[in-house]
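Enquirer: One structure coming up, written as structure tokens, with questions to follow.
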Amino acid sequence: MVIKMASETIKIEFELPKDLFFKGRAGTQTLIKAEALKRLAATFYTDGSLSLGKAAQLASVSKQEFLDFMANHNIPLNYDVDELEEDLSTVKEFLENENRL
């Protein structure tokens with residue numbers, strides 16, 4: 001497994017039981033690596049080390065695919081009150097501009 005971040009990379013090699021990733025289902029080496037990267041990225045996202053975009057990039061998937069992965073694994077979004085207030089302000093501004101048209 002090679003983990004790439006910005007211009008630096010580190011190579012991590014380890015062995016894990018396939019059952020951790022595909023309980024009772026067949027999985028290729030490529031699928032297992034992809035699953036491992038998503039789980040690692042989710043861990044870094046959950047503890048605040050990576051943003052959603054950077055975690056998706058680490059997992060080599062789109063933001064939407066990463067969001068779907070997190071939803072399927074019951075991993076909550078890092079979404080705090082400040083972000084909610086900012087989003088509500090943006091929506092309010094958008095609606096005010098729409099009413100002016």
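By order of appearance in the structure tokens: chains A, B, ..., then residues from 1 within every chain, and ligands from 1 in the order shown.
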Which polymer residues have any atom within 9 Å of an atom of Ile75 in chain A, counting only C-alpha atoms, with same-chain residues fewer than 5 positions away left out, as a list in words?
Expert: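 Non-adjacent residues within range: Ala42, Thr46, Phe69 and Met70 of chain A.
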Enquirer: How would the residues just chosen look if you wrote them out with N, CA and C atoms as a PDB file, in the first residue's frame?
Expert:
ATOM      1  N   ALA A  42     -10.921   7.342   6.248  1.00  0.00           N
ATOM      2  CA  ALA A  42     -12.041   7.638   7.151  1.00  0.00           C
ATOM      3  C   ALA A  42     -11.543   7.867   8.572  1.00  0.00           C
ATOM      4  N   THR A  46     -12.122  11.280  10.487  1.00  0.00           N
ATOM      5  CA  THR A  46     -12.866  11.273  11.747  1.00  0.00           C
ATOM      6  C   THR A  46     -12.109  11.979  12.867  1.00  0.00           C
ATOM      7  N   PHE A  69     -19.338   5.967   1.150  1.00  0.00           N
ATOM      8  CA  PHE A  69     -18.618   4.969   1.954  1.00  0.00           C
ATOM      9  C   PHE A  69     -18.836   5.247   3.438  1.00  0.00           C
ATOM     10  N   MET A  70     -18.707   6.508   3.822  1.00  0.00           N
ATOM     11  CA  MET A  70     -18.885   6.856   5.237  1.00  0.00           C
ATOM     12  C   MET A  70     -20.311   6.582   5.692  1.00  0.00           C
TER      13      MET A  70
END
Enquirer: Could you name the residues that touch range 71-74 of chain A at 12 Å or less, counting only C-alpha atoms, but leaving out those on the same chain fewer than 2 positions away, as a ChimeraX atom specification?
Expert: /A:21,35,38-39,42-43,46,64-69,76-77
Enquirer: Kindly export the residues of the current selection with C-alpha atoms, as a PDB file, in the first residue's frame.
Expert:
ATOM      1  CA  PHE A  21     -12.682  -6.300   4.533  1.00  0.00           C
ATOM      2  CA  GLU A  35     -11.149  -0.781   0.954  1.00  0.00           C
ATOM      3  CA  LYS A  38     -10.973   4.137   2.382  1.00  0.00           C
ATOM      4  CA  ARG A  39     -10.943   2.894   5.963  1.00  0.00           C
ATOM      5  CA  ALA A  42     -12.041   7.638   7.151  1.00  0.00           C
ATOM      6  CA  THR A  43      -9.976   7.290  10.318  1.00  0.00           C
ATOM      7  CA  THR A  46     -12.866  11.273  11.747  1.00  0.00           C
ATOM      8  CA  GLN A  64     -19.399  11.720  -3.246  1.00  0.00           C
ATOM      9  CA  GLU A  65     -18.012   8.169  -3.257  1.00  0.00           C
ATOM     10  CA  PHE A  66     -16.245   8.876   0.032  1.00  0.00           C
ATOM     11  CA  LEU A  67     -19.441  10.315   1.537  1.00  0.00           C
ATOM     12  CA  ASP A  68     -21.305   7.183   0.396  1.00  0.00           C
ATOM     13  CA  PHE A  69     -18.618   4.969   1.954  1.00  0.00           C
ATOM     14  CA  PRO A  76     -20.588  10.760  10.993  1.00  0.00           C
ATOM     15  CA  LEU A  77     -19.585  13.926   9.185  1.00  0.00           C
TER      16      LEU A  77
END
Enquirer: For CA of Glu85 in chain A and CA of Leu52 in chain A, determine how far apart the two atoms are, in Å to one decimal place.
Expert: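 Value for the CA of Glu85 in chain A-CA of Leu52 in chain A distance: 18.6 Å.
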Enquirer: Tell me which of A:Gly48, A:Lys92, A:Gln57, A:Lys11 sits closest to Tyr79 in chain A, counting only C-alpha atoms.
Expert: A:Gly48
